[in-house]
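Source file: model21.txt; contents: compact mmCIF, C-alpha atoms.
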```txt
# COMPACT_ATOMS: atom_id res chain seq x y z
CA MET A 6 -9.29 -24.71 18.52
CA SER A 7 -12.18 -22.81 16.92
CA ASN A 8 -11.42 -20.68 13.88
CA VAL A 9 -14.72 -19.59 12.35
CA TRP A 10 -15.60 -15.98 11.53
CA GLY A 11 -18.51 -14.16 9.89
CA SER A 12 -22.26 -13.60 9.87
CA ALA A 13 -23.45 -14.24 6.31
CA LEU A 14 -20.04 -15.54 5.26
CA LYS A 15 -18.51 -18.33 7.32
CA ILE A 16 -14.72 -18.45 7.12
CA SER A 17 -12.54 -21.13 8.67
CA ILE A 18 -8.75 -21.12 8.28
CA PHE A 19 -6.81 -24.33 8.90
CA GLY A 20 -3.28 -25.75 8.84
CA GLU A 21 0.17 -25.07 10.29
CA SER A 22 3.24 -23.31 8.95
CA HIS A 23 5.28 -26.52 8.61
CA GLY A 24 2.45 -29.02 8.17
CA GLU A 25 1.29 -30.54 4.89
CA GLY A 26 -0.50 -27.37 3.95
CA ILE A 27 -2.79 -24.53 4.91
CA GLY A 28 -6.18 -23.49 3.63
CA VAL A 29 -9.57 -21.90 4.07
CA VAL A 30 -13.19 -22.96 3.84
CA LEU A 31 -15.43 -20.10 2.73
CA GLY A 32 -19.16 -20.64 3.09
CA GLY A 33 -22.02 -18.31 2.23
CA LEU A 34 -20.64 -16.99 -1.06
CA PRO A 35 -23.27 -16.03 -3.63
CA SER A 36 -23.54 -18.48 -6.51
CA GLY A 37 -22.66 -17.64 -10.08
CA GLU A 38 -19.65 -15.44 -9.31
CA GLU A 39 -16.92 -15.98 -11.91
CA LEU A 40 -13.42 -16.46 -10.52
CA ASP A 41 -10.56 -14.64 -12.21
CA LEU A 42 -7.70 -17.06 -11.52
CA ASP A 43 -5.09 -14.61 -12.81
CA PHE A 44 -6.32 -11.99 -10.33
CA ILE A 45 -6.12 -14.53 -7.51
CA ALA A 46 -2.57 -15.51 -8.51
CA ARG A 47 -1.46 -11.85 -8.51
CA GLU A 48 -2.91 -11.29 -5.05
CA MET A 49 -1.22 -14.43 -3.72
CA LYS A 50 2.12 -13.37 -5.22
CA ARG A 51 1.91 -10.02 -3.41
CA ARG A 52 1.93 -11.82 -0.06
CA ALA A 53 4.13 -14.81 -0.92
CA PRO A 54 7.56 -15.20 0.74
CA GLY A 55 10.91 -15.41 -1.00
CA ARG A 56 10.40 -12.51 -3.40
CA GLY A 57 13.50 -10.42 -2.74
CA PRO A 58 15.94 -9.13 -0.11
CA LEU A 59 13.18 -7.42 1.91
CA ALA A 60 11.38 -10.71 2.65
CA THR A 61 12.17 -14.08 4.20
CA PRO A 62 14.27 -16.41 1.96
CA ARG A 63 11.66 -19.16 2.46
CA ARG A 64 10.19 -19.48 -1.01
CA GLU A 65 6.67 -20.75 -1.42
CA GLU A 66 4.73 -20.46 -4.67
CA ASP A 67 1.43 -20.34 -2.77
CA GLU A 68 -0.53 -21.87 -5.62
CA VAL A 69 -4.09 -22.52 -4.49
CA GLU A 70 -5.87 -25.80 -5.20
CA ILE A 71 -9.61 -25.14 -5.23
CA LEU A 72 -11.12 -28.35 -3.90
CA SER A 73 -14.82 -27.46 -3.83
CA GLY A 74 -17.41 -24.74 -4.36
CA VAL A 75 -16.47 -23.91 -7.97
CA PHE A 76 -17.90 -25.49 -11.14
CA ARG A 77 -17.16 -24.37 -14.69
CA GLY A 78 -15.27 -21.38 -13.33
CA LYS A 79 -18.09 -20.01 -11.18
CA THR A 80 -19.07 -20.30 -7.54
CA THR A 81 -21.77 -22.88 -6.86
CA GLY A 82 -22.99 -21.53 -3.53
CA ALA A 83 -21.57 -24.55 -1.71
CA PRO A 84 -18.62 -24.06 0.69
CA LEU A 85 -15.48 -23.16 -1.27
CA CYS A 86 -12.28 -24.79 -0.06
CA GLY A 87 -8.84 -23.54 -1.10
CA PHE A 88 -5.72 -25.52 -0.17
CA ILE A 89 -2.08 -24.37 -0.32
CA ARG A 90 0.69 -26.95 0.06
CA ASN A 91 3.78 -26.17 2.13
CA LYS A 92 6.79 -27.07 -0.01
CA ASN A 93 9.77 -25.27 1.53
CA ALA A 94 9.53 -25.79 5.29
CA ARG A 95 12.76 -26.20 7.28
CA SER A 96 11.62 -27.44 10.67
CA GLY A 97 15.10 -28.13 12.04
CA ASP A 98 15.55 -24.38 12.64
CA TYR A 99 13.17 -24.55 15.61
CA ALA A 100 14.16 -25.75 19.09
CA PRO A 101 11.18 -27.39 20.83
CA ASN A 102 12.27 -26.40 24.34
CA LEU A 103 13.35 -22.79 23.80
CA LEU A 104 10.46 -20.31 23.72
CA ARG A 105 10.83 -17.52 21.17
CA PRO A 106 10.20 -14.13 22.80
CA GLY A 107 7.46 -12.07 21.21
CA HIS A 108 5.84 -15.10 19.56
CA ALA A 109 2.88 -17.25 20.62
CA ASP A 110 5.23 -20.05 21.76
CA LEU A 111 4.58 -19.38 25.46
CA THR A 112 0.83 -18.78 25.25
CA ALA A 113 0.26 -21.72 22.89
CA HIS A 114 2.27 -24.00 25.19
CA LEU A 115 0.20 -22.96 28.19
CA LYS A 116 -3.22 -23.07 26.50
CA TYR A 117 -2.71 -26.38 24.68
CA HIS A 118 -0.64 -28.10 27.39
CA GLY A 119 2.45 -28.56 25.24
CA PHE A 120 0.67 -30.20 22.29
CA ALA A 121 0.69 -27.20 19.90
CA ASP A 122 2.84 -27.46 16.78
CA PHE A 123 5.76 -25.14 17.51
CA ARG A 124 7.47 -25.40 14.09
CA GLY A 125 7.47 -21.98 12.47
CA GLY A 126 4.75 -20.88 14.87
CA GLY A 127 2.38 -23.66 13.79
CA HIS A 128 -1.19 -22.40 13.51
CA PHE A 129 -0.17 -19.01 14.92
CA SER A 130 2.21 -18.29 12.05
CA GLY A 131 1.90 -15.35 9.70
CA ARG A 132 1.88 -17.99 6.98
CA LEU A 133 -1.82 -18.42 7.76
CA THR A 134 -2.44 -15.05 6.10
CA ALA A 135 -2.01 -16.83 2.74
CA PRO A 136 -5.46 -18.48 2.86
CA LEU A 137 -6.85 -15.18 4.18
CA VAL A 138 -5.51 -13.42 1.08
CA PHE A 139 -6.99 -16.13 -1.15
CA ALA A 140 -10.43 -15.72 0.43
CA GLY A 141 -10.06 -11.94 0.34
CA SER A 142 -9.18 -11.97 -3.36
CA ILE A 143 -12.54 -13.59 -4.07
CA ALA A 144 -14.28 -10.99 -1.91
CA LYS A 145 -12.44 -8.18 -3.72
CA MET A 146 -13.62 -9.54 -7.10
CA ILE A 147 -17.24 -9.63 -5.97
CA LEU A 148 -17.02 -6.12 -4.50
CA LEU A 149 -15.33 -4.65 -7.58
CA ARG A 150 -18.24 -5.82 -9.72
CA ARG A 151 -20.50 -3.76 -7.44
CA GLY A 152 -18.31 -0.65 -7.59
CA VAL A 153 -16.61 -1.16 -4.22
CA THR A 154 -12.81 -0.84 -4.22
CA VAL A 155 -10.44 -1.73 -1.38
CA GLY A 156 -6.77 -0.69 -1.42
CA ALA A 157 -3.94 -0.06 0.98
CA HIS A 158 -0.43 1.33 1.13
CA ILE A 159 2.52 1.43 3.48
CA ARG A 160 2.02 4.57 5.56
CA LYS A 161 5.16 4.12 7.63
CA ILE A 162 8.17 1.85 8.16
CA GLY A 163 10.26 2.65 11.21
CA ASN A 164 10.32 6.46 11.24
CA ILE A 165 9.95 6.88 7.46
CA TYR A 166 6.54 8.03 6.20
CA ASP A 167 4.66 7.81 2.94
CA ARG A 168 2.08 10.55 2.33
CA PRO A 169 -1.44 9.68 3.53
CA PHE A 170 -4.47 8.95 1.41
CA ASP A 171 -6.66 11.91 0.49
CA PRO A 172 -9.56 11.53 2.96
CA LEU A 173 -12.06 13.24 0.65
CA ASN A 174 -11.15 12.60 -2.98
CA GLU A 175 -9.19 9.35 -3.29
CA GLU A 176 -9.63 7.54 -6.60
CA ALA A 177 -10.42 3.86 -7.14
CA GLY A 178 -7.91 3.69 -10.00
CA LEU A 179 -5.08 4.66 -7.69
CA LEU A 180 -6.04 1.96 -5.19
CA ARG A 181 -5.85 -0.66 -7.93
CA GLU A 182 -2.51 0.67 -9.19
CA LEU A 183 -0.97 0.30 -5.73
CA ALA A 184 -1.51 -3.47 -5.88
CA ALA A 185 0.97 -3.73 -8.77
CA LEU A 186 3.83 -2.13 -6.82
CA GLU A 187 6.48 -4.12 -4.92
CA LEU A 188 6.32 -1.43 -2.24
CA PRO A 189 2.80 0.03 -2.41
CA LEU A 190 3.52 3.72 -1.82
CA LEU A 191 1.96 7.00 -2.87
CA ASP A 192 5.36 8.72 -2.81
CA PRO A 193 7.98 6.61 -4.69
CA ALA A 194 10.80 8.58 -3.06
CA ALA A 195 9.83 7.11 0.31
CA GLY A 196 10.51 3.64 -1.07
CA LEU A 197 14.25 4.19 -1.40
CA LYS A 198 14.51 5.33 2.21
CA MET A 199 12.35 2.47 3.47
CA THR A 200 14.34 -0.12 1.51
CA GLU A 201 17.61 1.21 2.91
CA ALA A 202 16.25 1.19 6.47
CA ILE A 203 15.01 -2.42 6.15
CA LEU A 204 18.30 -3.65 4.70
CA GLN A 205 20.25 -1.88 7.46
CA ALA A 206 18.08 -3.54 10.12
CA LYS A 207 18.60 -6.90 8.40
CA GLU A 208 22.36 -6.38 8.42
CA ARG A 209 22.24 -5.70 12.17
CA GLY A 210 20.20 -8.85 12.74
CA ASP A 211 17.23 -6.69 13.70
CA SER A 212 13.77 -5.88 12.29
CA LEU A 213 11.37 -2.98 11.71
CA GLY A 214 7.63 -2.45 12.09
CA GLY A 215 5.30 0.10 10.58
CA VAL A 216 1.79 1.21 9.69
CA VAL A 217 -0.55 0.22 6.84
CA GLU A 218 -3.34 2.58 5.76
CA CYS A 219 -6.43 1.16 4.04
CA CYS A 220 -9.11 2.93 2.00
CA CYS A 221 -12.53 1.59 0.94
CA LEU A 222 -14.50 3.40 -1.78
CA GLY A 223 -18.00 3.00 -3.20
CA LEU A 224 -19.74 1.78 -0.04
CA PRO A 225 -23.40 2.61 0.54
CA ALA A 226 -24.27 4.82 3.48
CA GLY A 227 -25.79 3.12 6.52
CA LEU A 228 -23.74 -0.09 6.40
CA GLY A 229 -23.11 -1.47 9.89
CA SER A 230 -24.98 -1.44 13.17
CA PRO A 231 -24.74 0.55 16.42
CA PHE A 232 -22.66 -0.73 19.33
CA PHE A 233 -21.54 -4.36 19.04
CA ASP A 234 -21.71 -4.71 15.25
CA SER A 235 -20.41 -1.27 14.36
CA MET A 236 -18.28 -1.23 11.22
CA GLU A 237 -15.35 -0.21 13.43
CA SER A 238 -15.93 -3.26 15.66
CA LEU A 239 -16.23 -5.64 12.72
CA LEU A 240 -13.17 -4.33 10.87
CA ALA A 241 -11.08 -4.20 14.05
CA HIS A 242 -12.06 -7.80 14.84
CA MET A 243 -10.75 -8.90 11.45
CA MET A 244 -7.60 -6.76 11.57
CA PHE A 245 -6.56 -8.10 14.96
CA ALA A 246 -6.78 -11.62 13.53
CA ILE A 247 -3.75 -10.78 11.38
CA PRO A 248 -0.57 -11.77 13.24
CA ALA A 249 1.63 -8.81 14.30
CA VAL A 250 -1.19 -6.23 14.15
CA LYS A 251 -1.18 -4.43 17.50
CA GLY A 252 -3.30 -1.35 16.86
CA VAL A 253 -6.19 -0.12 14.70
CA GLU A 254 -7.45 3.44 14.27
CA PHE A 255 -10.18 4.95 12.09
CA GLY A 256 -9.92 8.31 10.37
CA GLY A 257 -7.84 10.66 12.50
CA GLY A 258 -7.70 8.03 15.24
CA PHE A 259 -5.59 8.85 18.27
CA ALA A 260 -4.57 12.20 16.77
CA LEU A 261 -8.14 13.41 17.32
CA ALA A 262 -7.55 13.30 21.06
CA ALA A 263 -5.21 16.29 20.74
CA LEU A 264 -7.75 18.44 18.84
CA CYS A 265 -10.59 20.68 19.93
CA GLY A 266 -14.10 19.88 18.76
CA SER A 267 -13.94 22.89 16.45
CA GLU A 268 -10.89 21.33 14.75
CA ALA A 269 -12.12 17.74 14.58
CA ARG A 270 -15.65 18.36 13.32
CA ASP A 271 -16.90 17.04 9.98
CA GLU A 272 -19.28 19.77 8.86
CA LEU A 273 -21.88 18.90 6.22
CA TYR A 274 -22.84 20.22 2.80
CA ALA A 275 -25.11 19.13 -0.04
CA GLU A 276 -23.90 18.33 -3.56
CA ASN A 277 -26.00 16.89 -6.38
CA GLY A 278 -28.59 15.54 -3.98
CA ARG A 279 -26.02 13.94 -1.66
CA ILE A 280 -24.91 15.03 1.80
CA LYS A 281 -21.14 15.07 2.21
CA THR A 282 -18.62 16.17 4.85
CA LEU A 283 -16.20 19.06 4.47
CA ALA A 284 -13.53 17.02 6.24
CA ASN A 285 -13.32 13.30 6.99
CA HIS A 286 -11.78 13.12 10.46
CA ASN A 287 -14.04 10.20 11.36
CA GLY A 288 -12.88 8.05 8.46
CA GLY A 289 -16.27 7.72 6.77
CA LEU A 290 -17.99 6.36 9.88
CA ASN A 291 -20.44 7.79 12.40
CA GLY A 292 -22.32 5.85 15.05
CA GLY A 293 -20.85 2.61 13.76
CA LEU A 294 -22.34 3.19 10.28
CA THR A 295 -20.78 4.19 6.97
CA ASN A 296 -21.74 7.76 6.05
CA GLY A 297 -21.05 7.61 2.30
CA MET A 298 -17.62 9.20 2.48
CA PRO A 299 -14.42 7.19 1.83
CA LEU A 300 -13.78 4.74 4.68
CA PHE A 301 -10.25 4.96 6.10
CA PHE A 302 -8.41 3.05 8.78
CA SER A 303 -4.82 2.26 9.72
CA VAL A 304 -3.18 -0.71 11.43
CA ALA A 305 0.04 -0.74 13.45
CA VAL A 306 2.37 -3.68 12.70
CA LYS A 307 4.97 -4.61 15.26
CA PRO A 308 8.57 -5.45 14.25
CA THR A 309 9.18 -9.09 13.34
CA ALA A 310 9.75 -10.93 16.61
CA SER A 311 12.26 -13.37 15.08
CA ILE A 312 15.59 -11.55 14.94
CA ALA A 313 19.17 -12.83 14.72
CA LEU A 314 20.31 -11.05 17.89
CA PRO A 315 20.62 -13.14 21.09
CA GLN A 316 17.52 -13.03 23.30
CA GLN A 317 16.81 -14.15 26.84
CA THR A 318 14.24 -16.91 27.14
CA VAL A 319 13.29 -19.97 29.21
CA ASN A 320 14.16 -23.61 28.56
CA LEU A 321 10.96 -25.63 29.05
CA GLU A 322 12.82 -28.81 29.99
CA THR A 323 14.83 -27.29 32.81
CA MET A 324 12.59 -24.28 33.54
CA SER A 325 15.74 -22.18 33.68
CA GLU A 326 16.75 -19.05 31.83
CA ALA A 327 18.59 -19.53 28.55
CA VAL A 328 19.91 -17.54 25.62
CA LEU A 329 18.27 -18.07 22.23
CA LYS A 330 19.77 -17.15 18.87
CA ILE A 331 17.14 -17.73 16.21
CA GLU A 332 18.57 -19.37 13.10
CA GLY A 333 15.51 -19.62 10.86
CA ARG A 334 14.50 -17.63 7.77
CA HIS A 335 12.53 -14.52 8.66
CA ASP A 336 11.40 -11.17 7.28
CA PRO A 337 13.39 -8.13 8.42
CA CYS A 338 10.10 -6.24 7.97
CA ILE A 339 6.72 -7.88 7.41
CA VAL A 340 4.85 -4.64 6.67
CA PRO A 341 4.96 -4.96 2.83
CA ARG A 342 3.57 -8.50 2.94
CA ILE A 343 0.81 -7.52 5.39
CA VAL A 344 -0.64 -4.95 2.96
CA PRO A 345 -2.56 -7.55 0.88
CA ALA A 346 -3.71 -9.27 4.08
CA VAL A 347 -5.19 -6.00 5.35
CA GLU A 348 -6.98 -5.49 2.02
CA ALA A 349 -8.24 -9.08 2.09
CA GLY A 350 -9.54 -8.79 5.63
CA ALA A 351 -11.31 -5.53 4.87
CA ALA A 352 -12.88 -6.96 1.70
CA LEU A 353 -14.17 -10.03 3.52
CA CYS A 354 -15.60 -7.89 6.31
CA LEU A 355 -17.38 -5.54 3.90
CA LEU A 356 -18.73 -8.38 1.75
CA ASP A 357 -19.99 -10.20 4.84
CA ARG A 358 -21.85 -7.10 6.01
CA LEU A 359 -23.34 -6.33 2.59
CA LEU A 360 -24.62 -9.91 2.36
CA PHE A 361 -25.91 -9.89 5.94
CA GLU A 362 -27.84 -6.65 5.42
CA GLY A 363 -29.15 -7.68 2.00
CA LYS A 364 -27.36 -4.81 0.26
CA LEU A 365 -25.33 -6.80 -2.25
CA THR A 366 -27.15 -6.12 -5.50
```
Show me, as structure tokens, the structure contained in the file I just sent.
Amino acid sequence: MSNVWGSALKISIFGESHGEGIGVVLGGLPSGEELDLDFIAREMKRRAPGRGPLATPRREEDEVEILSGVFRGKTTGAPLCGFIRNKNARSGDYAPNLLRPGHADLTAHLKYHGFADFRGGGHFSGRLTAPLVFAGSIAKMILLRRGVTVGAHIRKIGNIYDRPFDPLNEEAGLLRELAALELPLLDPAAGLKMTEAILQAKERGDSLGGVVECCCLGLPAGLGSPFFDSMESLLAHMMFAIPAVKGVEFGGGFALAALCGSEARDELYAENGRIKTLANHNGGLNGGLTNGMPLFFSVAVKPTASIALPQQTVNLETMSEAVLKIEGRHDPCIVPRIVPAVEAGAALCLLDRLLFEGKLT
């Protein structure tokens, strides 16, 4: 199973949900970058399970052991390895012969001929976003020192919406403030409704999905490449690596299909020697390149596949239909915990491209 991503950076994520631990090897980092361990711990806590009634009861501290690539608090330039031990796995909740609908149980069984670790989803588990967030926290630090800020919020849970980012005048300070919120929202009133909806779904034994919107500020114009290495292609590649992400759109996305060209255009004007757009329907991207405006994209997150309601499945031993009632510990809505993973993925993607194009000053 190959799990390596990146051009200038080389990222490899390893481990299984119920194995000894999970981790990441991050190669290609510039040397001499100081690591803020408190910042890393805060980012890890944002994603960690067991933090309240809206998340899975499985409690993991997600403390990262840095095994290599750091000396005297700074990156050495050698591959950096971060390891997170699994301490609260409960493997008995998983039946080896009953495939969980909506999970990778079926596809993993077929591809790896029955040898894949099925406990908690094994290597396919959302738990593998923990090392992604660790790696992304390092990328965010490096970008922040260069004036690049990445932030995200919950745009939607079920049918309840937060207000969108301002596509023209969003502020870096606001993006950083969102990271301190349990539910990162621009409209606090939406949080009460979202919390109630999640708890009601949990009571029914059901789950909810939603949408996360991400904003990237301070990027130079011209970052990216036409066609195969467009910034849209690179960011989408990373976003679809996050379990449960089923859609990505940039700027106005699919809503642009309902507009006329006269409505969807981003007309230009000059201000203080810079060319800007009057609107930002394209999300800060044209021809696969950043255009100097704020970069925006959204990801669709499907409802948690593990629900308490009975589901029809197949018993692998008998190859007959069966009824499965999942007994494990699961999130009624994974959207809040995916927010830091989206930020991490975006930060890694942007850092990789800046390094690859020699634009990281």
Please, which residues in range 232-263 of chain A fall within 12 Å of range 334-339 of chain A when counting only C-alpha atoms, and what is the closest atom pair and distance in Å to one decimal for each, ordered by chain then residue number, as a Markdown table?
```
| residue | atom | partner | partner_atom | distance |
| --- | --- | --- | --- | --- |
| A:Ile247 | CA | A:Ile339 | CA | 11.6 |
| A:Pro248 | CA | A:Ile339 | CA | 10.1 |
| A:Ala249 | CA | A:Ile339 | CA | 8.6 |
| A:Val250 | CA | A:Ile339 | CA | 10.5 |
```
Hey, can you pull every residue with an atom no more than 9 Å from (10.1, -14.2, 19.9), using all atoms listed in the file, and send it as a JSON list (two decimals) with C-alpha atoms, in the coordinates of the input?
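Below you can see out.json, which holds the result:
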```json
[["chain", "number", "residue", "atom", "x", "y", "z"],
["A", 104, "LEU", "CA", 10.46, -20.31, 23.72],
["A", 105, "ARG", "CA", 10.83, -17.52, 21.17],
["A", 106, "PRO", "CA", 10.20, -14.13, 22.80],
["A", 107, "GLY", "CA", 7.46, -12.07, 21.21],
["A", 108, "HIS", "CA", 5.84, -15.10, 19.56],
["A", 109, "ALA", "CA", 2.88, -17.25, 20.62],
["A", 110, "ASP", "CA", 5.23, -20.05, 21.76],
["A", 309, "THR", "CA", 9.18, -9.09, 13.34],
["A", 310, "ALA", "CA", 9.75, -10.93, 16.61],
["A", 311, "SER", "CA", 12.26, -13.37, 15.08],
["A", 312, "ILE", "CA", 15.59, -11.55, 14.94],
["A", 316, "GLN", "CA", 17.52, -13.03, 23.30],
["A", 318, "THR", "CA", 14.24, -16.91, 27.14],
["A", 331, "ILE", "CA", 17.14, -17.73, 16.21]]
```
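Picture a line from CA of Cys86 in chain A to CA of Glu21 in chain A; it runs 16.2 Å.
Residues surrounding Trp10 in chain A within 10 Å are Ser7, Asn8, Ser12, Ala13, Leu14, Lys15, Ile16, Ser17, Ile18, Leu31, His242, Met243, Cys354 and Asp357 of chain A [all atoms listed in the file; sequence separation below 2 positions excluded].
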Generate the output file for the selected residues, C-alpha atoms, as a compact mmCIF listing (two decimals), keeping the file's coordinate frame.
```txt
# COMPACT_ATOMS: atom_id res chain seq x y z
CA SER A 7 -12.18 -22.81 16.92
CA ASN A 8 -11.42 -20.68 13.88
CA SER A 12 -22.26 -13.60 9.87
CA ALA A 13 -23.45 -14.24 6.31
CA LEU A 14 -20.04 -15.54 5.26
CA LYS A 15 -18.51 -18.33 7.32
CA ILE A 16 -14.72 -18.45 7.12
CA SER A 17 -12.54 -21.13 8.67
CA ILE A 18 -8.75 -21.12 8.28
CA LEU A 31 -15.43 -20.10 2.73
CA HIS A 242 -12.06 -7.80 14.84
CA MET A 243 -10.75 -8.90 11.45
CA CYS A 354 -15.60 -7.89 6.31
CA ASP A 357 -19.99 -10.20 4.84
```
Which of A:Asp211, A:Glu254, A:Glu48, A:Glu268 sits closest to Pro136 in chain A [using all atoms listed in the file]: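 Ranked by minimum distance to Pro136 in chain A, first place goes to A:Glu48.
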Using all atoms listed in the file, which residues sit within 9 Å of range 188-190 of chain A once same-chain residues fewer than 3 positions away are excluded, as an MDAnalysis selection string? chainID A and resid 157:160 167:168 182:185 193:196 200 341 344
Please save C-alpha atoms of the selected residues as a compact mmCIF listing (two decimals), keeping the file's coordinate frame.
```
# COMPACT_ATOMS: atom_id res chain seq x y z
CA ALA A 157 -3.94 -0.06 0.98
CA HIS A 158 -0.43 1.33 1.13
CA ILE A 159 2.52 1.43 3.48
CA ARG A 160 2.02 4.57 5.56
CA ASP A 167 4.66 7.81 2.94
CA ARG A 168 2.08 10.55 2.33
CA GLU A 182 -2.51 0.67 -9.19
CA LEU A 183 -0.97 0.30 -5.73
CA ALA A 184 -1.51 -3.47 -5.88
CA ALA A 185 0.97 -3.73 -8.77
CA PRO A 193 7.98 6.61 -4.69
CA ALA A 194 10.80 8.58 -3.06
CA ALA A 195 9.83 7.11 0.31
CA GLY A 196 10.51 3.64 -1.07
CA THR A 200 14.34 -0.12 1.51
CA PRO A 341 4.96 -4.96 2.83
CA VAL A 344 -0.64 -4.95 2.96
```
Have a look at CA of Pro225 in chain A and CA of Lys364 in chain A and let me know their distance in Å, one decimal.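 Computing it gives 8.4 Å between the two atoms.
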Regenerate range 213-219 of chain A at the level of all heavy atoms and dump it as a compact mmCIF listing (two decimals), in the frame of the given file.
```txt
# COMPACT_ATOMS: atom_id res chain seq x y z
N LEU A 213 12.14 -4.22 11.62
CA LEU A 213 11.37 -2.98 11.71
C LEU A 213 9.88 -3.27 11.60
O LEU A 213 9.46 -4.22 10.94
CB LEU A 213 11.77 -2.02 10.58
CG LEU A 213 13.19 -1.43 10.60
CD1 LEU A 213 13.41 -0.60 9.34
CD2 LEU A 213 13.40 -0.59 11.84
N GLY A 214 9.08 -2.40 12.22
CA GLY A 214 7.63 -2.45 12.09
C GLY A 214 7.14 -1.26 11.29
O GLY A 214 7.92 -0.55 10.66
N GLY A 215 5.83 -1.03 11.33
CA GLY A 215 5.30 0.10 10.58
C GLY A 215 3.80 0.19 10.66
O GLY A 215 3.16 -0.39 11.54
N VAL A 216 3.23 0.95 9.72
CA VAL A 216 1.79 1.21 9.69
C VAL A 216 1.29 1.02 8.26
O VAL A 216 1.95 1.42 7.29
CB VAL A 216 1.47 2.65 10.16
CG1 VAL A 216 -0.01 2.98 9.96
CG2 VAL A 216 1.85 2.83 11.62
N VAL A 217 0.13 0.38 8.12
CA VAL A 217 -0.55 0.22 6.84
C VAL A 217 -1.85 1.01 6.89
O VAL A 217 -2.61 0.90 7.85
CB VAL A 217 -0.84 -1.26 6.53
CG1 VAL A 217 -1.70 -1.41 5.28
CG2 VAL A 217 0.46 -2.05 6.38
N GLU A 218 -2.10 1.81 5.85
CA GLU A 218 -3.34 2.58 5.76
C GLU A 218 -4.21 1.98 4.66
O GLU A 218 -3.74 1.72 3.56
CB GLU A 218 -3.05 4.04 5.47
CG GLU A 218 -4.30 4.92 5.47
CD GLU A 218 -4.03 6.37 5.09
OE1 GLU A 218 -3.10 6.61 4.29
OE2 GLU A 218 -4.76 7.25 5.58
N CYS A 219 -5.50 1.78 4.96
CA CYS A 219 -6.43 1.16 4.04
C CYS A 219 -7.57 2.12 3.71
O CYS A 219 -8.04 2.86 4.58
CB CYS A 219 -6.98 -0.13 4.64
SG CYS A 219 -8.02 -1.11 3.51
```
